[in-house]
Structures are given as structure tokens and as C-alpha cells.
$ cat input-v7.tsv   # TSV, C-alpha atoms
chain	number	residue	atom	x	y	z
A	23	MET	CA	159.10	32.47	68.59
A	24	LYS	CA	161.25	32.16	71.72
A	25	MET	CA	163.93	34.78	72.25
A	26	VAL	CA	167.23	33.94	73.96
A	27	LEU	CA	169.97	36.40	74.82
A	28	VAL	CA	173.55	35.16	75.31
A	29	ILE	CA	175.96	37.54	77.05
A	30	CYS	CA	179.65	36.69	77.06
A	31	TYR	CA	183.10	38.07	77.68
A	32	SER	CA	185.79	35.69	76.41
A	33	GLN	CA	189.37	36.90	76.69
A	34	THR	CA	191.02	33.78	75.25
A	35	GLY	CA	188.16	32.58	73.05
A	36	GLN	CA	187.65	29.40	75.10
A	37	LEU	CA	184.49	30.60	76.86
A	38	ALA	CA	183.01	31.73	73.53
A	39	ARG	CA	183.51	28.20	72.17
A	40	CYS	CA	181.82	26.75	75.27
A	41	ALA	CA	178.88	29.08	74.73
A	42	GLN	CA	178.65	28.18	71.04
A	43	SER	CA	178.51	24.50	71.96
A	44	VAL	CA	175.71	25.06	74.47
A	45	ILE	CA	173.59	27.14	72.11
A	46	GLY	CA	174.24	24.92	69.08
A	47	PRO	CA	170.84	23.15	69.32
A	48	LEU	CA	169.10	26.50	69.88
A	49	LEU	CA	170.61	27.97	66.72
A	50	LYS	CA	169.26	25.05	64.69
A	51	ASP	CA	165.72	25.40	66.04
A	52	PRO	CA	163.57	27.56	63.71
A	53	ASP	CA	161.31	28.54	66.61
A	54	ILE	CA	164.16	29.98	68.70
A	55	GLN	CA	165.96	33.22	67.95
A	56	VAL	CA	169.35	33.67	69.63
A	57	THR	CA	171.01	37.05	70.12
A	58	ILE	CA	174.69	37.05	71.13
A	59	LEU	CA	176.17	40.11	72.84
A	60	ASN	CA	179.86	40.28	73.62
A	61	ILE	CA	180.87	42.48	76.55
A	62	GLU	CA	183.54	44.94	75.40
A	63	PRO	CA	185.72	46.74	77.98
A	64	ARG	CA	186.53	50.31	77.00
A	65	ASP	CA	190.19	49.46	77.64
A	66	PRO	CA	190.62	45.90	76.30
A	67	TYR	CA	192.41	43.32	78.44
A	68	PRO	CA	195.32	41.74	76.54
A	69	PHE	CA	195.91	38.07	75.84
A	70	PRO	CA	198.42	36.73	76.55
A	71	TRP	CA	198.71	38.77	79.74
A	72	PRO	CA	201.86	40.73	80.51
A	73	VAL	CA	202.68	39.81	84.12
A	74	SER	CA	202.25	43.37	85.38
A	75	LYS	CA	198.76	43.71	83.88
A	76	PHE	CA	197.76	40.26	85.08
A	77	LEU	CA	198.64	41.28	88.64
A	78	ASN	CA	197.14	44.75	88.33
A	79	VAL	CA	193.59	43.48	87.83
A	80	PHE	CA	193.80	41.51	91.09
A	81	PRO	CA	192.49	44.03	93.65
A	82	GLU	CA	189.69	45.35	91.43
A	83	SER	CA	188.64	41.79	90.51
A	84	VAL	CA	188.43	40.65	94.13
A	85	LEU	CA	186.72	43.85	95.32
A	86	MET	CA	184.46	43.79	92.24
A	87	ILE	CA	185.10	47.37	91.16
A	88	PRO	CA	183.49	47.65	87.70
A	89	PRO	CA	185.58	48.85	84.76
A	90	PRO	CA	184.12	51.14	82.07
A	91	LEU	CA	182.49	49.23	79.20
A	92	ASN	CA	181.39	50.08	75.69
A	93	PRO	CA	177.58	50.35	75.45
A	94	LEU	CA	175.65	47.24	74.45
A	95	ALA	CA	172.77	47.37	71.97
A	96	LEU	CA	170.28	45.30	73.96
A	97	GLY	CA	167.11	46.27	72.14
A	98	ASP	CA	163.92	45.59	74.09
A	99	PRO	CA	164.86	43.72	77.29
A	100	ALA	CA	161.28	42.52	77.77
A	101	SER	CA	161.41	40.51	74.52
A	102	PHE	CA	163.79	37.86	75.87
A	103	ASP	CA	162.41	34.63	77.33
A	104	LEU	CA	165.79	33.50	78.69
A	105	VAL	CA	169.22	35.00	79.35
A	106	ILE	CA	172.37	32.86	79.25
A	107	LEU	CA	175.26	34.58	81.01
A	108	ALA	CA	178.67	33.12	80.16
A	109	CYS	CA	181.49	34.11	82.50
A	110	THR	CA	184.90	33.01	83.63
A	111	VAL	CA	186.82	33.40	86.88
A	112	TRP	CA	189.52	35.91	87.76
A	113	TYR	CA	191.04	35.52	91.23
A	114	LEU	CA	188.00	33.58	92.58
A	115	SER	CA	185.70	36.34	91.31
A	116	PRO	CA	183.80	36.88	88.06
A	117	SER	CA	185.93	38.49	85.37
A	118	LEU	CA	185.98	42.27	85.59
A	119	PRO	CA	184.00	42.77	82.34
A	120	THR	CA	181.28	40.46	83.70
A	121	THR	CA	181.20	42.40	86.97
A	122	GLY	CA	181.07	45.64	85.03
A	123	PHE	CA	178.08	44.51	83.02
A	124	LEU	CA	176.17	43.11	86.01
A	125	LYS	CA	176.62	46.45	87.78
A	126	SER	CA	175.50	48.51	84.78
A	127	ALA	CA	172.20	50.29	84.16
A	128	GLU	CA	171.58	48.02	81.16
A	129	ALA	CA	171.73	44.96	83.40
A	130	ARG	CA	169.10	46.35	85.78
A	131	SER	CA	166.59	46.76	82.96
A	132	LEU	CA	167.52	43.44	81.35
A	133	PHE	CA	167.51	40.98	84.24
A	134	LEU	CA	164.46	42.12	86.15
A	135	ASP	CA	162.08	39.16	86.48
A	136	LYS	CA	164.08	37.11	83.94
A	137	PRO	CA	165.09	33.42	84.12
A	138	VAL	CA	168.87	33.12	83.79
A	139	ILE	CA	171.29	30.27	83.14
A	140	THR	CA	174.93	30.88	83.98
A	141	LEU	CA	177.72	29.18	82.05
A	142	ILE	CA	181.16	29.07	83.67
A	143	GLY	CA	184.36	28.06	81.93
A	144	CYS	CA	187.41	28.06	84.20
A	145	ARG	CA	190.39	26.20	85.61
A	146	GLY	CA	188.51	24.49	88.43
A	147	MET	CA	187.75	26.74	91.40
A	148	TRP	CA	184.49	28.56	90.69
A	149	LEU	CA	182.36	28.43	93.85
A	150	MET	CA	183.20	31.84	95.32
A	151	ALA	CA	182.89	33.54	91.93
A	152	GLN	CA	179.48	31.98	91.33
A	153	GLU	CA	178.25	33.10	94.75
A	154	LYS	CA	179.11	36.67	93.79
A	155	VAL	CA	177.31	36.33	90.46
A	156	LYS	CA	174.28	34.83	92.21
A	157	LYS	CA	174.18	37.76	94.62
A	158	MET	CA	174.31	40.31	91.81
A	159	LEU	CA	171.61	38.50	89.82
A	160	TRP	CA	169.46	38.29	92.96
A	161	ASP	CA	169.87	42.04	93.52
A	162	LEU	CA	168.84	42.65	89.89
A	163	GLY	CA	165.61	40.72	90.38
A	164	ALA	CA	166.60	37.79	88.15
A	165	THR	CA	165.95	34.10	88.84
A	166	LEU	CA	168.93	31.81	88.36
A	167	THR	CA	167.46	28.50	87.21
A	168	ASP	CA	170.62	26.56	86.33
A	169	ASN	CA	174.39	26.74	86.29
A	170	ILE	CA	176.60	24.98	83.74
A	171	VAL	CA	180.26	24.54	84.69
A	172	LEU	CA	182.99	23.38	82.30
A	173	THR	CA	186.41	23.07	83.90
A	174	ASP	CA	189.93	21.90	83.26
A	175	ARG	CA	189.73	18.17	84.03
A	176	GLY	CA	193.43	17.86	84.72
A	177	ALA	CA	194.88	17.51	88.21
A	178	LEU	CA	194.46	20.65	90.31
A	179	LEU	CA	198.15	21.03	91.11
A	180	ALA	CA	199.13	20.49	87.45
A	181	SER	CA	196.71	23.21	86.35
A	182	LEU	CA	198.44	25.62	88.72
A	183	ILE	CA	201.38	25.34	86.30
A	184	THR	CA	199.66	24.93	82.94
A	185	THR	CA	197.00	27.65	83.32
A	186	PRO	CA	199.40	30.52	84.27
A	187	ARG	CA	201.69	29.40	81.42
A	188	TRP	CA	198.76	29.66	79.01
A	189	MET	CA	197.60	33.02	80.36
A	190	LEU	CA	201.06	34.59	80.30
A	191	THR	CA	202.48	33.07	77.08
A	192	GLY	CA	199.45	31.96	75.05
A	193	LYS	CA	200.82	28.40	74.95
A	194	LYS	CA	198.40	25.68	76.08
A	195	ASN	CA	200.04	22.54	74.64
A	196	ARG	CA	201.65	19.78	76.72
A	197	PHE	CA	204.51	21.10	78.81
A	198	LEU	CA	207.84	19.36	79.51
A	199	GLY	CA	206.30	16.06	78.48
A	200	VAL	CA	204.70	15.80	81.91
A	201	PHE	CA	201.99	18.45	82.22
A	202	PRO	CA	198.79	18.01	80.18
A	203	PRO	CA	197.42	20.69	77.83
A	204	ALA	CA	195.83	23.65	79.61
A	205	GLY	CA	192.17	24.53	79.42
A	206	ILE	CA	188.87	22.74	79.00
A	207	SER	CA	189.09	19.57	76.93
A	208	GLU	CA	187.50	19.31	73.50
A	209	ASN	CA	185.32	16.46	74.76
A	210	SER	CA	183.95	18.64	77.56
A	211	ILE	CA	183.21	21.49	75.16
A	212	SER	CA	181.49	19.31	72.56
A	213	GLY	CA	179.64	17.45	75.31
A	214	ALA	CA	177.96	20.72	76.33
A	215	LEU	CA	175.57	20.22	73.40
A	216	ARG	CA	173.40	18.13	75.72
A	217	PHE	CA	172.63	21.21	77.79
A	218	GLY	CA	171.53	23.12	74.72
A	219	SER	CA	169.21	20.30	73.69
A	220	ALA	CA	167.57	20.33	77.14
A	221	ILE	CA	167.28	24.13	77.08
A	222	ALA	CA	165.66	24.08	73.63
A	223	GLU	CA	163.14	21.46	74.74
A	224	SER	CA	162.30	23.47	77.87
A	225	LEU	CA	161.76	26.59	75.77
A	226	ARG	CA	159.37	24.73	73.50
A	227	ARG	CA	157.41	23.59	76.57
A	228	ASP	CA	157.40	27.06	78.17
A	229	GLU	CA	159.04	25.59	81.27
A	230	PHE	CA	161.15	28.68	81.92
A	231	LYS	CA	157.99	30.56	82.87
A	232	GLN	CA	158.00	28.41	86.02
A	233	LYS	CA	161.57	29.58	86.77
A	234	LYS	CA	162.64	26.14	87.96
A	235	PRO	CA	165.77	24.10	87.10
A	236	VAL	CA	165.65	22.40	83.72
A	237	LEU	CA	169.08	20.70	83.64
A	238	LYS	CA	168.73	18.33	86.58
A	239	GLY	CA	170.37	14.96	86.04
A	240	LEU	CA	172.65	16.20	83.25
A	241	GLY	CA	175.71	16.89	85.41
A	242	ALA	CA	175.64	20.60	84.65
A	243	ALA	CA	177.54	21.68	87.78
A	244	SER	CA	179.41	19.32	90.06
A	245	VAL	CA	180.65	20.73	93.38
A	246	ASN	CA	183.88	19.22	94.68
A	247	LEU	CA	183.32	18.98	98.45
A	248	ARG	CA	187.04	18.97	99.16
A	249	LEU	CA	187.51	22.36	97.45
A	250	ILE	CA	184.91	24.25	99.48
A	251	THR	CA	187.21	24.87	102.44
A	252	THR	CA	190.17	25.61	100.17
A	253	GLU	CA	188.22	28.25	98.25
A	254	ARG	CA	186.95	29.90	101.43
A	255	ILE	CA	190.49	30.18	102.81
A	256	ALA	CA	191.86	31.50	99.52
A	257	GLN	CA	189.02	34.02	99.25
A	258	GLY	CA	189.82	35.37	102.70
A	259	MET	CA	193.50	35.79	101.83
A	260	PHE	CA	192.68	37.44	98.50
A	261	ALA	CA	190.29	39.91	100.16
A	262	PHE	CA	192.99	40.86	102.70
A	263	TRP	CA	195.60	41.56	100.03
A	264	ALA	CA	193.14	43.28	97.66
A	265	LYS	CA	192.09	45.83	100.27
A	266	ILE	CA	195.70	46.69	101.15
A	267	ILE	CA	196.79	47.03	97.51
A	268	ARG	CA	193.72	49.04	96.55
A	269	ARG	CA	194.44	51.57	99.30
A	270	ALA	CA	197.85	52.22	97.72
A	271	GLY	CA	196.16	54.10	94.88
A	272	ALA	CA	196.17	54.05	91.09
A	273	ARG	CA	197.89	51.44	88.94
A	274	SER	CA	200.85	53.72	88.24
A	275	ASN	CA	201.51	54.19	91.96
A	276	VAL	CA	204.94	52.95	93.05
A	277	LEU	CA	203.64	51.68	96.41
A	278	ARG	CA	200.89	49.70	94.67
A	279	ASN	CA	203.43	48.04	92.38
A	280	MET	CA	205.63	47.17	95.36
A	281	LEU	CA	202.65	45.62	97.14
A	282	LEU	CA	201.72	43.67	94.01
A	283	ALA	CA	205.26	42.29	93.91
A	284	CYS	CA	204.85	41.22	97.54
A	285	PHE	CA	201.50	39.63	96.68
A	286	LEU	CA	203.12	37.70	93.83
A	287	ILE	CA	205.74	36.31	96.22
A	288	PHE	CA	202.98	35.39	98.67
A	289	LEU	CA	200.97	33.78	95.87
A	290	LEU	CA	203.91	31.60	94.82
A	291	PHE	CA	204.45	30.64	98.45
A	292	ALA	CA	200.74	29.86	98.84
A	293	VAL	CA	200.69	27.68	95.73
A	294	GLY	CA	203.84	25.83	96.76
A	295	ILE	CA	203.27	25.50	100.51
A	296	ILE	CA	199.91	26.70	101.82
A	297	LEU	CA	197.69	25.10	99.19
A	298	PRO	CA	199.16	21.57	99.48
A	299	PHE	CA	199.08	21.89	103.29
A	300	GLY	CA	195.48	23.08	103.14
A	301	ARG	CA	194.55	20.15	100.91
A	302	LEU	CA	196.13	17.78	103.43
A	303	VAL	CA	194.23	19.35	106.33
A	304	SER	CA	191.01	19.24	104.29
A	305	PHE	CA	191.58	15.54	103.58
A	306	LEU	CA	192.14	14.79	107.28
A	307	VAL	CA	189.13	16.70	108.60
A	308	TYR	CA	186.79	15.81	105.73
A	309	PRO	CA	185.17	12.85	107.56
A	310	LEU	CA	184.36	15.15	110.52
A	311	ILE	CA	182.69	17.90	108.49
A	312	ARG	CA	181.25	15.88	105.61
A	313	SER	CA	177.62	16.48	106.59
A	314	ARG	CA	178.15	20.26	106.85
A	315	LEU	CA	179.91	20.32	103.48
A	316	ALA	CA	177.03	18.36	101.95
A	317	ARG	CA	174.62	21.10	103.09
A	318	GLU	CA	176.92	23.75	101.65
A	319	LYS	CA	177.12	21.77	98.40
A	320	ALA	CA	173.33	21.95	98.06
A	321	SER	CA	173.49	25.70	98.62
A	322	PHE	CA	176.23	26.19	96.01
A	323	GLU	CA	174.21	24.21	93.48
A	324	SER	CA	171.06	26.28	94.05
A	325	GLY	CA	170.22	29.62	92.48
A	326	ILE	CA	169.88	31.38	95.84
A	327	PRO	CA	172.91	33.23	97.31
A	328	SER	CA	174.24	31.64	100.49

$ encode --input "input-v7.tsv" --output "C-alpha cells"
Amino acid sequence: MKMVLVICYSQTGQLARCAQSVIGPLLKDPDIQVTILNIEPRDPYPFPWPVSKFLNVFPESVLMIPPPLNPLALGDPASFDLVILACTVWYLSPSLPTTGFLKSAEARSLFLDKPVITLIGCRGMWLMAQEKVKKMLWDLGATLTDNIVLTDRGALLASLITTPRWMLTGKKNRFLGVFPPAGISENSISGALRFGSAIAESLRRDEFKQKKPVLKGLGAASVNLRLITTERIAQGMFAFWAKIIRRAGARSNVLRNMLLACFLIFLLFAVGIILPFGRLVSFLVYPLIRSRLAREKASFESGIPS
């Protein structure tokens, strides 16, 4: 009997559905036992988000300051042959509950010398968040064999409208007759079954003992070369603002709230002006740096932190 542990924090329910699709073939296999553990923050994060709370998680998300979590009943960590870690992206970083778990004592005992597959469900920009997850898994002694990424397939600029609308109002349907529905499409979610079939076959063959990729050729994670530079620039700006806001003190601090309001104005300006300009610059210089970006693409697709 092969033992698989699935760890997930899903605020909206979308990531949980992605995970259920991936593990569908595993659940049907009588020789595979799947344990699902949901990460539970001690102070739950609301959905839909009130604007103030959505902004207030920004500095801690970027600086990866772990929140308190309810204990998880892991059982015997040594019994698991594979760990599937499902996570989403908050401000180009792993969600705070995911960060909290990866920095917990339970994670240190669980991940040591374990093969791990990460599953990301997000709007579209996931590279910087995955690098942070890779670094934490590396520090825990785990081996990241594969990464599965399911994203919003709509246009990037359109998702900058539809995703915040969904997060802040709970509405993900078509908007104004122009913008497509928010979130990962049903076809993408159901199509994730192919990854579960490959994982189940690899478990039957004991391939995870070799700690090598098992999802090659299945399109598990596709890196958009033109977003690498954009994400790096955005990450630098986020880190700058996060450090300033964090220094202002606790969430009830008046100065912190004033700085968050300034950050919101900056964010709207960045989305409306800086991001389109950055995309234009990236398009113009892409032919000059294509070879370097190709090397970075290989690094992002590997299980080793860059």
C-alpha cells in the first residue's frame, strides 16, 4: 500500500477542486491510500475579502511572516511515500497559511527526505511564489520532483480586473459583457486528471524512490518567458513597500493603515501605468535577452531553488 499525503489551504474552494481533480485517479486505486489535511489558520481569512483585510495581509505575505495555525493531526510522517502540497499565491508569495505550515515544527518532521509535488492554482503570476516554496522545501530536506500549475487562461490585463472583483465581492461570472469569468476554467481543472494518472502509475512502479520528475511531457508547468522580468520588478516593488508598512507596527496602527492606503494608490497606478509600460519594454528587449530568459526558465521549472 502506497501512502500519499495532500496538504491544502483553499480560501475560495478553487484550489481544493484542483487538488481533488489531480488526486482523483489515486482515490480510485485500491493500492493507494490518500490522506487530505486542510491547513486551518487560527484566525480564519474571510472570503470574499473586505478591502482592509485584503490589504492588511500584504506585508506579512511578502515578508513571509507565519501566522498561527491550528495543529494538524499528521500521524506518522515516515509512513508517507509522497506529499502533494497545494498552494495559491498572495502578492507573488505563497499564501500565508501555506507559509505558516512550511515554517512549522510539523513540517520539519514531515518533509525530511520526502519526495514532494507542488500544485499551484492562481491568476497567472506564480514564479516568485514558487521560488520561495522551493527554498523552504529545500531547507526542510525535501525533494521537489514536479510542479503542477493551473492558471486563469484569460488575458493577463483582463484578469487584473476580474480576479480582484472575485476576491472582493465573491462574483466570478462574466463582467460588463466584456470581461471573461474569473478563475481557472473547468476544462483546466478536469484536465488535471492526467497528472493524477501519471502519479498513480509512478507510485505503482516505485519511481518516487528515485526522486526524479514523473510528469515530464504532460505540460504540468509552463513558464511564460515574457513574465519573468515583470515578476522580478513587481517582487522588488512589493518587498520595498512591505518593509516600510511592516515597520509601522500592528494592524490597528493608524500609520500602518495610512501607508496601506498609499500602497493601494501605488498599486492602482502600477496596474494602470507601470505594468503595461513594463510589458512593452519586455516585448522590445525580449529578442536581446531571450537566451538568458531560457536559462532562467529551466531553473524555474526545476526543483532546485535559483

$ atom_distance --input "input-v7.tsv" --atom1 "CA of Lys154 in chain A" --atom2 "CA of Ile61 in chain A"
18.3 Å

$ residues_around --input "input-v7.tsv" --residues "Glu128 in chain A" --least-positions-apart "2" --cutoff "12 Å" --atoms "only C-alpha atoms" --output "list in words"
Ile61, Leu91, Asn92, Pro93, Leu94, Ala95, Leu96, Gly97, Asp98, Pro99, Gly122, Phe123, Leu124, Lys125, Ser126, Arg130, Ser131, Leu132, Phe133, Leu134 and Leu162 of chain A

$ residues_around --input "input-v7.tsv" --residues "Ala204 in chain A" --least-positions-apart "5" --cutoff "12 Å" --atoms "all atoms listed in the file" --output "count of residues only"
27

$ residues_around --input "input-v7.tsv" --residues "Ser115 in chain A" --least-positions-apart "6" --cutoff "9 Å" --atoms "all atoms listed in the file" --output "MDAnalysis selection string"
chainID A and resid 83:86 121 148:155 257

$ write_last_selection --input "input-v7.tsv" --atoms "C-alpha atoms" --output "JSON list (two decimals), in the frame of the given file"
[["chain", "number", "residue", "atom", "x", "y", "z"],
["A", 83, "SER", "CA", 188.64, 41.79, 90.51],
["A", 84, "VAL", "CA", 188.43, 40.65, 94.13],
["A", 85, "LEU", "CA", 186.72, 43.85, 95.32],
["A", 86, "MET", "CA", 184.46, 43.79, 92.24],
["A", 121, "THR", "CA", 181.20, 42.40, 86.97],
["A", 148, "TRP", "CA", 184.49, 28.56, 90.69],
["A", 149, "LEU", "CA", 182.36, 28.43, 93.85],
["A", 150, "MET", "CA", 183.20, 31.84, 95.32],
["A", 151, "ALA", "CA", 182.89, 33.54, 91.93],
["A", 152, "GLN", "CA", 179.48, 31.98, 91.33],
["A", 153, "GLU", "CA", 178.25, 33.10, 94.75],
["A", 154, "LYS", "CA", 179.11, 36.67, 93.79],
["A", 155, "VAL", "CA", 177.31, 36.33, 90.46],
["A", 257, "GLN", "CA", 189.02, 34.02, 99.25]]

$ residues_around --input "input-v7.tsv" --residues "Cys30 in chain A" --least-positions-apart "5" --cutoff "9 Å" --atoms "all atoms listed in the file" --output "list in words"
Leu37, Ala38, Ala41, Ile58, Leu59, Asn60, Ile61, Ile106, Leu107, Ala108, Cys109 and Thr120 of chain A

$ residues_around --input "input-v7.tsv" --residues "range 282-291 of chain A" --least-positions-apart "3" --cutoff "10 Å" --atoms "all atoms listed in the file" --output "PyMOL selection string"
chain A and resi 73-74+77-78+80-81+259-260+263-264+266-268+276-279+294-297

$ closest_residue --input "input-v7.tsv" --among "A:Ala129, A:Arg216, A:Glu253, A:Ile29" --to "Ile142 in chain A" --atoms "all atoms listed in the file"
A:Ile29

$ atom_distance --input "input-v7.tsv" --atom1 "CA of Thr167 in chain A" --atom2 "CA of Pro235 in chain A"
4.7 Å

$ residues_near_point --input "input-v7.tsv" --point "(167.7, 31.8, 67.1)" --cutoff "12 Å" --atoms "only C-alpha atoms" --output "PyMOL selection string"
chain A and resi 23-28+45-58+102-104+222+225

$ atom_distance --input "input-v7.tsv" --atom1 "CA of Leu159 in chain A" --atom2 "CA of Glu82 in chain A"
19.4 Å

$ axis_aligned_box --input "input-v7.tsv" --around "range 147-164 of chain A" --padding-each-side "6 Å" --output "JSON"
{"center_x": 176.7, "center_y": 34.7, "center_z": 91.7, "size_x": 34.1, "size_y": 27.9, "size_z": 19.2}

$ closest_residue --input "input-v7.tsv" --among "A:Val293, A:Ala320, A:Pro202, A:Pro90" --to "Thr252 in chain A" --atoms "only C-alpha atoms"
A:Val293

$ closest_residue --input "input-v7.tsv" --among "A:Lys231, A:Val200, A:Phe76, A:Arg226" --to "Asp135 in chain A" --atoms "all atoms listed in the file"
A:Lys231

$ residues_near_point --input "input-v7.tsv" --point "(169.5, 20.1, 92.1)" --cutoff "10 Å" --atoms "all atoms listed in the file" --output "compact mmCIF listing (two decimals) with C-alpha atoms, keeping the file's coordinate frame"
# COMPACT_ATOMS: atom_id res chain seq x y z
CA THR A 167 167.46 28.50 87.21
CA ASP A 168 170.62 26.56 86.33
CA PRO A 235 165.77 24.10 87.10
CA VAL A 236 165.65 22.40 83.72
CA LEU A 237 169.08 20.70 83.64
CA LYS A 238 168.73 18.33 86.58
CA GLY A 239 170.37 14.96 86.04
CA GLY A 241 175.71 16.89 85.41
CA ALA A 242 175.64 20.60 84.65
CA ALA A 243 177.54 21.68 87.78
CA ALA A 320 173.33 21.95 98.06
CA SER A 321 173.49 25.70 98.62
CA PHE A 322 176.23 26.19 96.01
CA GLU A 323 174.21 24.21 93.48
CA SER A 324 171.06 26.28 94.05
CA GLY A 325 170.22 29.62 92.48

$ decode --input "input-v7.tsv" --residues "range 223-246 of chain A" --atoms "N, CA and C atoms" --output "PDB file, in the first residue's frame"
ATOM      1  N   GLU A 223       0.563   5.828 -11.557  1.00  0.00           N
ATOM      2  CA  GLU A 223       1.421   4.854 -12.243  1.00  0.00           C
ATOM      3  C   GLU A 223       2.837   4.879 -11.681  1.00  0.00           C
ATOM      4  N   SER A 224       3.356   6.057 -11.385  1.00  0.00           N
ATOM      5  CA  SER A 224       4.707   6.176 -10.825  1.00  0.00           C
ATOM      6  C   SER A 224       4.779   5.572  -9.426  1.00  0.00           C
ATOM      7  N   LEU A 225       3.704   5.717  -8.652  1.00  0.00           N
ATOM      8  CA  LEU A 225       3.676   5.103  -7.323  1.00  0.00           C
ATOM      9  C   LEU A 225       3.701   3.580  -7.436  1.00  0.00           C
ATOM     10  N   ARG A 226       2.932   3.045  -8.375  1.00  0.00           N
ATOM     11  CA  ARG A 226       2.913   1.595  -8.551  1.00  0.00           C
ATOM     12  C   ARG A 226       4.292   1.063  -8.937  1.00  0.00           C
ATOM     13  N   ARG A 227       5.055   1.869  -9.673  1.00  0.00           N
ATOM     14  CA  ARG A 227       6.388   1.446 -10.124  1.00  0.00           C
ATOM     15  C   ARG A 227       7.498   1.837  -9.153  1.00  0.00           C
ATOM     16  N   ASP A 228       7.145   2.425  -8.045  1.00  0.00           N
ATOM     17  CA  ASP A 228       8.130   2.864  -7.044  1.00  0.00           C
ATOM     18  C   ASP A 228       9.111   3.894  -7.599  1.00  0.00           C
ATOM     19  N   GLU A 229       8.670   4.694  -8.563  1.00  0.00           N
ATOM     20  CA  GLU A 229       9.578   5.657  -9.192  1.00  0.00           C
ATOM     21  C   GLU A 229       9.899   6.836  -8.284  1.00  0.00           C
ATOM     22  N   PHE A 230       9.054   7.108  -7.298  1.00  0.00           N
ATOM     23  CA  PHE A 230       9.320   8.251  -6.430  1.00  0.00           C
ATOM     24  C   PHE A 230      10.517   8.009  -5.512  1.00  0.00           C
ATOM     25  N   LYS A 231      10.904   6.748  -5.356  1.00  0.00           N
ATOM     26  CA  LYS A 231      12.096   6.460  -4.564  1.00  0.00           C
ATOM     27  C   LYS A 231      13.342   7.043  -5.228  1.00  0.00           C
ATOM     28  N   GLN A 232      13.275   7.224  -6.556  1.00  0.00           N
ATOM     29  CA  GLN A 232      14.402   7.816  -7.285  1.00  0.00           C
ATOM     30  C   GLN A 232      14.411   9.334  -7.181  1.00  0.00           C
ATOM     31  N   LYS A 233      13.296   9.908  -6.707  1.00  0.00           N
ATOM     32  CA  LYS A 233      13.165  11.357  -6.524  1.00  0.00           C
ATOM     33  C   LYS A 233      13.508  12.134  -7.798  1.00  0.00           C
ATOM     34  N   LYS A 234      12.933  11.669  -8.898  1.00  0.00           N
ATOM     35  CA  LYS A 234      13.115  12.323 -10.191  1.00  0.00           C
ATOM     36  C   LYS A 234      11.745  12.729 -10.735  1.00  0.00           C
ATOM     37  N   PRO A 235      11.703  13.682 -11.664  1.00  0.00           N
ATOM     38  CA  PRO A 235      10.415  14.111 -12.225  1.00  0.00           C
ATOM     39  C   PRO A 235       9.649  12.957 -12.863  1.00  0.00           C
ATOM     40  N   VAL A 236       8.339  12.962 -12.659  1.00  0.00           N
ATOM     41  CA  VAL A 236       7.492  11.913 -13.233  1.00  0.00           C
ATOM     42  C   VAL A 236       6.423  12.487 -14.171  1.00  0.00           C
ATOM     43  N   LEU A 237       6.361  13.803 -14.301  1.00  0.00           N
ATOM     44  CA  LEU A 237       5.302  14.427 -15.107  1.00  0.00           C
ATOM     45  C   LEU A 237       5.839  15.089 -16.375  1.00  0.00           C
ATOM     46  N   LYS A 238       7.039  14.741 -16.770  1.00  0.00           N
ATOM     47  CA  LYS A 238       7.616  15.341 -17.975  1.00  0.00           C
ATOM     48  C   LYS A 238       6.750  15.025 -19.195  1.00  0.00           C
ATOM     49  N   GLY A 239       6.592  16.038 -20.043  1.00  0.00           N
ATOM     50  CA  GLY A 239       5.836  15.855 -21.279  1.00  0.00           C
ATOM     51  C   GLY A 239       4.339  16.026 -21.124  1.00  0.00           C
ATOM     52  N   LEU A 240       3.867  16.300 -19.907  1.00  0.00           N
ATOM     53  CA  LEU A 240       2.429  16.437 -19.678  1.00  0.00           C
ATOM     54  C   LEU A 240       1.990  17.896 -19.563  1.00  0.00           C
ATOM     55  N   GLY A 241       2.931  18.824 -19.722  1.00  0.00           N
ATOM     56  CA  GLY A 241       2.576  20.243 -19.626  1.00  0.00           C
ATOM     57  C   GLY A 241       2.158  20.649 -18.232  1.00  0.00           C
ATOM     58  N   ALA A 242       2.852  20.114 -17.225  1.00  0.00           N
ATOM     59  CA  ALA A 242       2.455  20.380 -15.843  1.00  0.00           C
ATOM     60  C   ALA A 242       2.679  21.828 -15.441  1.00  0.00           C
ATOM     61  N   ALA A 243       3.777  22.426 -15.889  1.00  0.00           N
ATOM     62  CA  ALA A 243       4.092  23.811 -15.518  1.00  0.00           C
ATOM     63  C   ALA A 243       4.753  24.493 -16.706  1.00  0.00           C
ATOM     64  N   SER A 244       4.095  25.489 -17.232  1.00  0.00           N
ATOM     65  CA  SER A 244       4.621  26.203 -18.391  1.00  0.00           C
ATOM     66  C   SER A 244       5.024  27.616 -17.969  1.00  0.00           C
ATOM     67  N   VAL A 245       6.308  27.926 -18.122  1.00  0.00           N
ATOM     68  CA  VAL A 245       6.829  29.241 -17.741  1.00  0.00           C
ATOM     69  C   VAL A 245       6.703  30.205 -18.912  1.00  0.00           C
ATOM     70  N   ASN A 246       6.034  31.320 -18.680  1.00  0.00           N
ATOM     71  CA  ASN A 246       5.906  32.374 -19.687  1.00  0.00           C
ATOM     72  C   ASN A 246       7.153  33.251 -19.621  1.00  0.00           C
TER      73      ASN A 246
END
